[in-house]
$ cat work-v8.txt   # compact mmCIF, C-alpha atoms and all ligand atoms
# COMPACT_ATOMS: atom_id res chain seq x y z
CA MET G 15 145.36 -93.22 183.07
CA SER G 16 142.20 -91.61 184.38
CA GLU G 17 139.67 -89.27 182.70
CA VAL G 18 141.51 -88.83 179.44
CA GLN G 19 141.76 -92.13 177.67
CA SER G 20 144.32 -91.51 174.98
CA PHE G 21 147.84 -90.21 175.20
CA ILE G 22 148.16 -86.43 174.89
CA PRO G 23 150.98 -85.58 172.47
CA ILE G 24 153.12 -82.44 172.65
CA ALA G 25 151.93 -81.37 169.20
CA LYS G 26 149.75 -82.64 166.38
CA PRO G 27 149.46 -81.26 162.84
CA TRP G 28 145.97 -80.21 161.81
CA MET G 29 145.40 -81.66 158.35
CA GLY G 30 142.60 -83.49 156.59
CA GLU G 31 140.64 -83.96 153.37
CA PRO G 32 141.52 -80.54 151.86
CA GLU G 33 145.25 -81.31 152.16
CA ALA G 34 144.77 -84.84 150.79
CA GLU G 35 142.75 -83.43 147.85
CA ALA G 36 145.41 -80.79 147.19
CA ALA G 37 148.18 -83.40 147.12
CA LYS G 38 146.06 -85.45 144.74
CA ARG G 39 145.51 -82.40 142.51
CA ALA G 40 149.27 -81.89 142.22
CA ILE G 41 149.94 -85.58 141.56
CA MET G 42 147.22 -85.88 138.91
CA SER G 43 148.38 -82.70 137.15
CA GLY G 44 151.60 -84.41 136.11
CA TRP G 45 153.73 -81.51 137.31
CA VAL G 46 155.10 -82.39 140.72
CA THR G 47 158.00 -80.07 141.47
CA GLN G 48 158.88 -76.39 140.95
CA GLY G 49 155.63 -75.82 139.08
CA PRO G 50 152.40 -73.85 139.46
CA GLU G 51 151.62 -74.97 143.04
CA VAL G 52 155.02 -73.79 144.30
CA ALA G 53 154.56 -70.44 142.50
CA ALA G 54 151.06 -70.00 143.94
CA PHE G 55 152.15 -70.95 147.46
CA GLU G 56 154.98 -68.41 147.27
CA GLN G 57 152.61 -65.65 146.18
CA GLU G 58 150.05 -66.46 148.84
CA PHE G 59 152.73 -66.67 151.52
CA ALA G 60 154.28 -63.34 150.50
CA ALA G 61 150.86 -61.69 150.60
CA TYR G 62 150.11 -63.21 154.01
CA VAL G 63 153.24 -61.90 155.72
CA GLY G 64 153.44 -58.69 153.69
CA ALA G 65 156.74 -59.31 151.89
CA ASN G 66 157.53 -58.44 148.27
CA HIS G 67 159.10 -61.85 147.63
CA ALA G 68 158.78 -65.36 149.02
CA CYS G 69 160.89 -68.27 147.77
CA ALA G 70 159.98 -71.86 148.71
CA VAL G 71 162.74 -74.31 149.58
CA SER G 72 163.11 -77.82 151.00
CA ASN G 73 163.16 -76.82 154.70
CA CYS G 74 164.11 -73.99 157.03
CA THR G 75 167.69 -75.17 157.46
CA THR G 76 168.36 -74.83 153.72
CA ALA G 77 166.54 -71.46 153.83
CA LEU G 78 168.95 -70.29 156.55
CA HIS G 79 171.92 -71.52 154.55
CA LEU G 80 170.84 -69.55 151.47
CA ALA G 81 170.02 -66.45 153.53
CA LEU G 82 173.52 -66.44 155.04
CA LEU G 83 175.11 -66.93 151.61
CA ALA G 84 173.01 -64.09 150.17
CA VAL G 85 174.25 -61.57 152.71
CA GLY G 86 177.81 -62.65 151.95
CA VAL G 87 178.79 -64.99 154.80
CA GLN G 88 182.04 -66.73 153.86
CA PRO G 89 184.57 -69.11 155.42
CA GLY G 90 186.34 -67.40 158.30
CA ASP G 91 183.50 -64.98 159.02
CA GLU G 92 181.64 -64.68 162.29
CA VAL G 93 177.86 -64.64 162.68
CA ILE G 94 176.28 -63.47 165.93
CA THR G 95 173.46 -65.74 167.08
CA VAL G 96 172.12 -67.75 170.04
CA SER G 97 173.16 -71.18 171.23
CA HIS G 98 169.72 -71.55 172.80
CA SER G 99 167.88 -72.69 169.68
CA TYR G 100 167.24 -75.77 167.65
CA ILE G 101 170.70 -76.89 166.45
CA ALA G 102 169.82 -76.06 162.81
CA THR G 103 170.34 -72.35 163.53
CA ALA G 104 174.01 -72.73 164.45
CA ASN G 105 174.57 -75.51 161.91
CA SER G 106 173.53 -73.25 159.02
CA ILE G 107 176.39 -70.90 159.96
CA ARG G 108 178.85 -73.77 159.89
CA TYR G 109 177.61 -74.84 156.43
CA CYS G 110 179.07 -71.51 155.23
CA GLY G 111 182.41 -72.26 156.90
CA ALA G 112 181.74 -69.42 159.33
CA THR G 113 181.93 -69.40 163.13
CA PRO G 114 178.85 -68.94 165.31
CA VAL G 115 179.31 -66.34 168.04
CA PHE G 116 176.79 -67.28 170.70
CA VAL G 117 175.28 -64.63 172.92
CA ASP G 118 173.01 -65.24 175.86
CA ILE G 119 169.22 -64.88 175.99
CA GLU G 120 166.83 -62.84 178.07
CA PRO G 121 165.36 -65.09 180.77
CA GLN G 122 161.81 -63.72 180.31
CA THR G 123 161.33 -64.26 176.57
CA TYR G 124 164.07 -66.86 175.85
CA ASN G 125 165.13 -64.61 172.97
CA ILE G 126 168.51 -63.04 172.17
CA ASN G 127 169.58 -60.24 174.52
CA PRO G 128 170.16 -57.20 172.25
CA MET G 129 172.62 -55.58 174.67
CA LEU G 130 174.94 -58.56 174.38
CA ILE G 131 175.00 -58.19 170.59
CA GLU G 132 176.39 -54.72 171.08
CA ASP G 133 179.01 -56.03 173.55
CA VAL G 134 180.29 -58.52 170.98
CA ILE G 135 180.52 -55.89 168.26
CA SER G 136 182.33 -53.40 170.53
CA ASP G 137 184.77 -56.11 171.56
CA ARG G 138 185.59 -56.89 167.92
CA LEU G 139 185.97 -53.18 167.13
CA GLN G 140 188.41 -52.74 170.01
CA ARG G 141 190.47 -55.66 168.84
CA GLY G 142 190.44 -54.51 165.21
CA ILE G 143 188.67 -57.62 163.90
CA ALA G 144 185.21 -56.14 163.39
CA ASP G 145 185.37 -56.95 159.67
CA ARG G 146 185.00 -60.64 160.51
CA THR G 147 181.49 -60.08 161.85
CA ARG G 148 179.32 -60.59 158.79
CA ALA G 149 175.74 -60.93 160.02
CA ILE G 150 173.32 -61.27 162.92
CA LEU G 151 171.08 -64.34 162.91
CA ILE G 152 168.25 -63.94 165.40
CA VAL G 153 165.60 -66.48 166.36
CA HIS G 154 161.96 -65.76 167.20
CA GLN G 155 162.08 -68.61 169.67
CA ILE G 156 159.02 -70.88 169.89
CA GLY G 157 157.07 -68.16 168.07
CA MET G 158 157.75 -65.29 170.48
CA PRO G 159 158.99 -62.27 168.49
CA CYS G 160 162.45 -60.91 169.34
CA ASP G 161 162.94 -57.25 170.17
CA LEU G 162 163.41 -56.52 166.49
CA LYS G 163 163.49 -52.72 166.92
CA ALA G 164 166.39 -52.83 169.37
CA ILE G 165 168.27 -55.41 167.28
CA LEU G 166 167.85 -53.48 164.01
CA ASP G 167 168.94 -50.30 165.69
CA ILE G 168 172.26 -51.93 166.61
CA ALA G 169 172.57 -53.67 163.23
CA HIS G 170 172.03 -50.42 161.31
CA ARG G 171 174.58 -48.60 163.43
CA TYR G 172 177.23 -51.15 162.51
CA ASP G 173 175.91 -51.82 159.01
CA LEU G 174 175.25 -55.52 159.61
CA PRO G 175 172.52 -57.55 157.88
CA VAL G 176 169.90 -59.23 160.07
CA ILE G 177 168.49 -62.64 159.22
CA GLU G 178 165.43 -63.81 161.12
CA ASP G 179 165.11 -67.49 161.96
CA ALA G 180 161.33 -67.49 161.99
CA ALA G 181 161.10 -71.29 161.77
CA CYS G 182 158.47 -71.34 164.52
CA ALA G 183 157.03 -67.86 164.02
CA ILE G 184 154.54 -68.03 161.17
CA GLY G 185 151.57 -65.87 162.15
CA SER G 186 153.38 -64.20 165.06
CA GLU G 187 153.07 -60.43 165.07
CA ILE G 188 155.02 -57.41 166.16
CA LEU G 189 153.84 -53.86 166.79
CA TRP G 190 155.62 -51.60 164.33
CA ASP G 191 154.94 -47.85 164.31
CA GLY G 192 151.52 -48.44 165.81
CA GLN G 193 150.56 -51.26 163.42
CA TRP G 194 150.52 -55.00 164.02
CA GLU G 195 152.67 -56.67 161.39
CA LYS G 196 153.42 -60.29 160.65
CA ILE G 197 156.87 -61.69 161.26
CA GLY G 198 158.34 -62.11 157.77
CA LYS G 199 157.35 -58.65 156.59
CA PRO G 200 160.89 -57.53 156.03
CA HIS G 201 162.31 -55.21 158.63
CA GLY G 202 165.37 -57.35 158.87
CA ASP G 203 166.86 -58.44 155.56
CA ILE G 204 165.62 -62.00 155.16
CA ALA G 205 163.26 -64.18 157.21
CA CYS G 206 163.26 -68.00 157.10
CA PHE G 207 160.27 -70.23 157.92
CA SER G 208 159.78 -73.95 158.52
CA PHE G 209 156.88 -76.23 157.61
CA HIS G 210 158.07 -79.21 159.65
CA PRO G 211 155.18 -80.99 161.44
CA ARG G 212 156.34 -79.63 164.81
CA LYS G 213 155.66 -76.08 163.60
CA VAL G 214 152.32 -74.28 163.36
CA ILE G 215 151.54 -75.28 159.75
CA THR G 216 153.19 -78.07 157.82
CA THR G 217 153.96 -79.44 154.37
CA GLY G 218 155.66 -82.56 155.78
CA ASP G 219 158.95 -80.76 155.32
CA GLY G 220 159.42 -77.39 153.73
CA GLY G 221 160.78 -73.90 154.11
CA MET G 222 160.31 -70.34 152.87
CA LEU G 223 162.50 -67.26 152.53
CA THR G 224 160.92 -63.80 152.53
CA THR G 225 162.67 -60.58 151.54
CA ASN G 226 162.05 -57.24 149.86
CA ASN G 227 165.33 -57.46 147.94
CA PRO G 228 164.61 -58.66 144.36
CA GLU G 229 168.27 -59.53 143.73
CA TRP G 230 168.38 -61.91 146.66
CA ASP G 231 165.09 -63.48 145.64
CA LYS G 232 166.53 -64.13 142.18
CA GLN G 233 169.64 -65.59 143.75
CA PHE G 234 167.63 -67.96 145.98
CA ARG G 235 165.81 -69.29 142.92
CA LEU G 236 169.07 -70.07 141.17
CA TRP G 237 170.69 -71.67 144.20
CA ARG G 238 167.74 -73.89 145.07
CA GLN G 239 167.87 -75.49 141.62
CA HIS G 240 171.56 -76.34 141.09
CA GLY G 241 172.37 -72.80 139.90
CA MET G 242 170.49 -73.52 136.67
CA SER G 243 169.99 -70.37 134.61
CA ILE G 244 166.54 -71.23 133.18
CA PRO G 245 163.70 -72.45 135.39
CA ASP G 246 161.87 -75.64 134.31
CA THR G 247 158.66 -73.71 133.72
CA VAL G 248 160.34 -71.38 131.21
CA ARG G 249 162.05 -74.18 129.30
CA HIS G 250 158.84 -76.19 129.26
CA GLY G 251 156.82 -73.29 127.85
CA ALA G 252 159.43 -72.16 125.31
CA LYS G 253 158.55 -72.18 121.61
CA GLN G 254 162.19 -72.38 120.64
CA VAL G 255 164.91 -74.72 121.74
CA ILE G 256 166.82 -73.19 124.62
CA PHE G 257 169.72 -74.53 126.66
CA GLU G 258 170.29 -73.80 130.30
CA SER G 259 173.66 -72.97 131.83
CA TYR G 260 175.13 -73.25 135.31
CA PRO G 261 176.98 -70.05 136.10
CA MET G 262 177.47 -70.83 139.80
CA LEU G 263 177.59 -73.59 142.37
CA GLY G 264 174.00 -74.41 143.31
CA TYR G 265 172.15 -76.89 145.50
CA ASN G 266 169.09 -79.05 145.35
CA TYR G 267 166.91 -77.23 147.88
CA ARG G 268 163.63 -77.55 145.97
CA MET G 269 160.13 -77.77 147.37
CA THR G 270 157.80 -80.10 145.47
CA ASP G 271 154.40 -79.10 144.09
CA ILE G 272 152.83 -81.82 146.23
CA GLN G 273 154.17 -80.09 149.34
CA ALA G 274 153.22 -76.63 148.10
CA ALA G 275 149.67 -77.72 147.32
CA VAL G 276 149.36 -78.95 150.91
CA GLY G 277 150.93 -75.72 152.17
CA ARG G 278 148.29 -73.62 150.39
CA GLU G 279 145.54 -75.46 152.26
CA GLN G 280 147.43 -75.09 155.54
CA LEU G 281 147.77 -71.36 154.94
CA LYS G 282 143.96 -71.13 154.64
CA ARG G 283 143.65 -72.78 158.05
CA LEU G 284 146.24 -70.54 159.66
CA PRO G 285 143.92 -67.78 161.03
CA GLU G 286 141.77 -70.40 162.73
CA ILE G 287 144.84 -72.22 164.07
CA LEU G 288 146.23 -68.99 165.51
CA GLU G 289 142.96 -68.10 167.17
CA ARG G 290 142.73 -71.50 168.80
CA ARG G 291 146.37 -71.54 169.94
CA ARG G 292 146.05 -68.07 171.45
CA TYR G 293 142.91 -69.13 173.27
CA LEU G 294 144.58 -72.26 174.66
CA ALA G 295 147.63 -70.24 175.74
CA GLU G 296 145.36 -67.81 177.58
CA GLN G 297 143.65 -70.71 179.30
CA TYR G 298 147.03 -72.06 180.44
CA GLN G 299 147.96 -68.60 181.75
CA GLU G 300 144.78 -68.47 183.82
CA LYS G 301 144.68 -72.03 185.01
CA LEU G 302 148.35 -72.35 185.94
CA ALA G 303 148.62 -68.97 187.64
CA ASP G 304 148.28 -70.36 191.15
CA ILE G 305 151.11 -72.90 191.11
CA PRO G 306 153.75 -71.48 193.45
CA GLY G 307 157.19 -71.22 191.93
CA LEU G 308 156.02 -71.93 188.38
CA LYS G 309 156.88 -69.11 185.97
CA LEU G 310 154.55 -68.66 183.03
CA PRO G 311 155.63 -67.19 179.67
CA THR G 312 155.94 -63.42 179.31
CA GLN G 313 154.65 -61.70 176.18
CA PRO G 314 155.92 -58.14 175.71
CA ASN G 315 153.12 -55.67 174.90
CA TRP G 316 154.58 -55.16 171.40
CA ALA G 317 154.47 -58.88 170.56
CA LYS G 318 151.80 -61.47 169.74
CA SER G 319 153.12 -65.00 169.80
CA ASN G 320 151.60 -67.81 167.74
CA TRP G 321 152.35 -70.04 170.78
CA GLN G 322 154.21 -72.64 168.74
CA SER G 323 155.13 -73.94 172.21
CA PHE G 324 153.95 -73.07 175.69
CA CYS G 325 157.01 -72.98 177.92
CA VAL G 326 156.82 -72.97 181.73
CA ARG G 327 159.82 -72.46 183.99
CA LEU G 328 160.26 -74.49 187.14
CA THR G 329 162.06 -72.86 190.06
CA GLU G 330 164.80 -74.72 191.92
CA LYS G 331 162.44 -76.61 194.18
CA TYR G 332 161.20 -78.71 191.28
CA ASP G 333 163.08 -81.42 189.45
CA GLN G 334 162.55 -81.02 185.69
CA VAL G 335 162.94 -84.71 184.88
CA LYS G 336 160.70 -85.80 187.75
CA VAL G 337 157.91 -83.45 186.70
CA MET G 338 158.19 -84.60 183.08
CA GLN G 339 158.22 -88.27 184.12
CA GLU G 340 155.14 -87.87 186.29
CA MET G 341 153.33 -86.28 183.39
CA LEU G 342 154.46 -89.02 181.02
CA ASP G 343 153.25 -91.67 183.50
CA ALA G 344 149.87 -89.93 183.42
CA GLY G 345 149.82 -90.12 179.60
CA ILE G 346 151.00 -86.58 178.82
CA SER G 347 153.92 -85.88 176.55
CA THR G 348 156.09 -82.85 177.38
CA ARG G 349 159.50 -81.66 176.16
CA ARG G 350 162.32 -80.05 178.01
CA GLY G 351 163.06 -76.45 177.10
CA ILE G 352 164.93 -75.50 173.95
CA MET G 353 168.41 -77.05 173.58
CA CYS G 354 171.76 -75.25 173.62
CA ALA G 355 173.97 -76.03 170.62
CA HIS G 356 177.21 -75.33 172.51
CA ARG G 357 176.50 -78.25 174.86
CA GLU G 358 176.29 -80.83 172.08
CA SER G 359 179.20 -83.06 171.05
CA ALA G 360 178.84 -81.73 167.52
CA TYR G 361 180.11 -78.42 168.90
CA GLN G 362 182.73 -79.63 171.32
CA SER G 363 185.71 -79.72 169.00
CA GLN G 364 184.41 -77.09 166.61
CA PRO G 365 185.14 -73.40 166.66
CA TRP G 366 182.44 -71.30 168.27
CA SER G 367 182.69 -68.35 170.51
CA CYS G 368 180.68 -67.30 173.53
CA GLY G 369 181.04 -63.62 172.83
CA VAL G 370 183.72 -61.39 174.24
CA GLU G 371 187.30 -62.53 173.85
CA PRO G 372 190.14 -63.13 174.35
CA ARG G 373 189.42 -65.31 177.27
CA ALA G 374 190.92 -68.28 178.94
CA CYS G 375 188.00 -70.64 178.82
CA GLU G 376 187.85 -72.26 182.21
CA CYS G 377 184.31 -73.52 182.01
CA GLU G 378 183.55 -77.21 182.18
CA VAL G 379 182.35 -78.78 178.96
CA GLY G 380 178.66 -78.01 178.60
CA LYS G 381 178.79 -75.20 181.15
CA CYS G 382 179.56 -71.76 179.81
CA ASP G 383 179.49 -68.81 182.19
CA ARG G 384 178.57 -66.42 179.42
CA LEU G 385 175.64 -68.56 178.30
CA TRP G 386 174.23 -69.04 181.77
CA GLU G 387 170.67 -67.93 181.02
CA SER G 388 170.57 -70.20 177.97
CA GLU G 389 171.65 -73.21 180.05
CA GLN G 390 169.23 -72.33 182.84
CA ALA G 391 166.37 -72.16 180.37
CA GLN G 392 167.27 -75.56 178.93
CA ASP G 393 167.56 -77.15 182.37
CA HIS G 394 164.54 -75.64 184.11
CA THR G 395 161.79 -75.24 181.54
CA VAL G 396 159.17 -77.65 180.25
CA LEU G 397 157.07 -77.36 177.09
CA LEU G 398 153.43 -78.36 177.56
CA PRO G 399 151.11 -79.92 174.96
CA LEU G 400 149.40 -77.35 172.76
CA PHE G 401 147.76 -78.13 169.42
CA HIS G 402 144.74 -77.01 167.46
CA GLN G 403 142.58 -80.05 168.17
CA MET G 404 143.31 -80.06 171.90
CA THR G 405 140.02 -80.20 173.80
CA GLN G 406 139.18 -78.28 176.95
CA GLN G 407 139.00 -81.59 178.76
CA GLU G 408 142.51 -82.51 177.62
CA GLN G 409 143.88 -79.15 178.65
CA ASP G 410 142.22 -79.35 182.06
CA TYR G 411 143.76 -82.77 182.52
CA VAL G 412 147.25 -81.41 181.68
CA VAL G 413 146.69 -78.61 184.22
CA LYS G 414 145.55 -81.06 186.88
CA VAL G 415 148.48 -83.44 186.38
CA LEU G 416 151.01 -80.59 186.31
CA LYS G 417 149.57 -79.28 189.58
CA MET G 418 149.96 -82.70 191.15
CA ALA G 419 153.51 -83.05 189.82
CA CYS G 420 154.38 -79.66 191.29
CA GLN G 421 153.27 -80.54 194.78
CA VAL G 422 156.37 -80.59 196.92
C1 LIG M 501 162.63 -76.22 163.46
C2 LIG M 501 163.64 -75.18 163.48
C3 LIG M 501 164.61 -75.07 162.46
C4 LIG M 501 164.76 -76.10 161.38
O1 LIG M 501 163.67 -76.19 160.53
P1 LIG M 501 163.63 -77.37 159.43
O2 LIG M 501 162.49 -76.98 158.55
O3 LIG M 501 163.39 -78.64 160.18
O4 LIG M 501 164.93 -77.36 158.72
C5 LIG M 501 165.48 -74.01 162.50
N1 LIG M 501 165.43 -73.09 163.49
C6 LIG M 501 164.54 -73.17 164.49
C7 LIG M 501 164.52 -72.12 165.54
C8 LIG M 501 163.62 -74.23 164.53
O5 LIG M 501 162.75 -74.31 165.53
$ encode --input "work-v8.txt" --output "structure tokens"
Amino acid sequence: MSEVQSFIPIAKPWMGEPEAEAAKRAIMSGWVTQGPEVAAFEQEFAAYVGANHACAVSNCTTALHLALLAVGVQPGDEVITVSHSYIATANSIRYCGATPVFVDIEPQTYNINPMLIEDVISDRLQRGIADRTRAILIVHQIGMPCDLKAILDIAHRYDLPVIEDAACAIGSEILWDGQWEKIGKPHGDIACFSFHPRKVITTGDGGMLTTNNPEWDKQFRLWRQHGMSIPDTVRHGAKQVIFESYPMLGYNYRMTDIQAAVGREQLKRLPEILERRRYLAEQYQEKLADIPGLKLPTQPNWAKSNWQSFCVRLTEKYDQVKVMQEMLDAGISTRRGIMCAHRESAYQSQPWSCGVEPRACECEVGKCDRLWESEQAQDHTVLLPLFHQMTQQEQDYVVKVLKMACQV
């Protein structure tokens, strides 16, 4: 390895003394789960994104599960979504006993193609099975906002709820009636966030649901705590003996106060993190512009990404694995583009649909004609290192090595 001595990771959480102190505060308080830190984190998060309600849970996958349950997804239903996402998106649909209906992405933004949503709905209407379609689960992939206006327009026409998988999209913004608004301010019905270390802020693990619907928010709070009718805080503070009841099947999807205390500190850092990530993304755009055949990310003029990942597309003349290996040999960690759930063994013998049916599926396993753009994106894109603490020197080194790897 040359100028840069240490290994450059793909991502690195930005945490320090304030987070350690916050965790200590929660531990020393003697109240370590579902207490005041969780309540405060929820309030601060709701205020940040501009939602009426925010409910903290154990991670984004459990958030997605509860969101789907809240809008009424049941066994036998269909949920329209993308295959081109982290597998948790599709898995959450299966947790409800429902079938994911995968539609393809737009090659420029790697996000769901709204026109294909409409195709699926029309197909089900024609075949008289439209009542099976219960919801649309969209993903703001690697922090780039989806075309929410177009999607909601279709959803409203067919009276379908929209859930936003905003796992990677905290701090991302969308232009709405002339105003920049945070993803998570409810335009869709429910948005779900992740605080896994690979995301923009972290609590170790953690998730959040935002909505403007008070009934759903109430429901989330019951479900995350075994369906228990009285929260711990209420029972603890009660002057009279009260007994809880369990009127429904619930789960243990709780966030701890230790995590929430850390999350509150991370939220304070978020504006600075976003500024830095946007600066680094701009630098990549400038410095990589002259590599022939390398396609840089596209940001629609109505979207501001948080650049959770910086994704470059290699044209046919480059070999994805070779480029990644050369970078790894030079001490730079990269990742291949986002996965496709339909290509995984976990989906091979399971029911999923690639959109319009009936069809005789003649595709090879792992190759679906209707999900061509999704597969292309997985096979020809590379995610580059991008994290708050990344120095200019480190970024210049990544640029230099990528240029060398792209010399054919
Ligand atoms: C990370 C991620 C998830 C899962 O989040 P967890 O908090 O790890 O459960 C879901 N969807 C997308 C798009 C993700 O990137």
$ atom_distance --input "work-v8.txt" --atom1 "atom CA of G:Thr103" --atom2 "atom CA of G:His210"
14.6 Å
$ residues_around --input "work-v8.txt" --residues "G:Pro211" --least-positions-apart "3" --cutoff "12 Å" --atoms "only C-alpha atoms" --output "PyMOL selection string"
chain G and resi 24-29+73+181-182+208+214-221+277+280+322+401
$ residues_around --input "work-v8.txt" --residues "G:Ile272" --least-positions-apart "3" --cutoff "8 Å" --atoms "only C-alpha atoms" --output "short mmCIF file (atom, residue, chain, number, x, y, z; two decimals) with C-alpha atoms, in the frame of the given file"
data_model
loop_
_atom_site.label_atom_id
_atom_site.label_comp_id
_atom_site.auth_asym_id
_atom_site.auth_seq_id
_atom_site.Cartn_x
_atom_site.Cartn_y
_atom_site.Cartn_z
CA ALA G 36 145.41 -80.79 147.19
CA ALA G 37 148.18 -83.40 147.12
CA LYS G 38 146.06 -85.45 144.74
CA ALA G 40 149.27 -81.89 142.22
CA ILE G 41 149.94 -85.58 141.56
CA VAL G 46 155.10 -82.39 140.72
CA THR G 47 158.00 -80.07 141.47
CA GLU G 51 151.62 -74.97 143.04
CA ALA G 275 149.67 -77.72 147.32
CA VAL G 276 149.36 -78.95 150.91
#
$ closest_residue --input "work-v8.txt" --among "G:Ala295, G:Ile188, G:Ile94, G:Ile177" --to "G:His402" --atoms "only C-alpha atoms"
G:Ala295
$ closest_residue --input "work-v8.txt" --among "G:Val117, G:Ala149, G:Cys420, G:Leu263" --to "G:Arg384" --atoms "all atoms listed in the file"
G:Val117
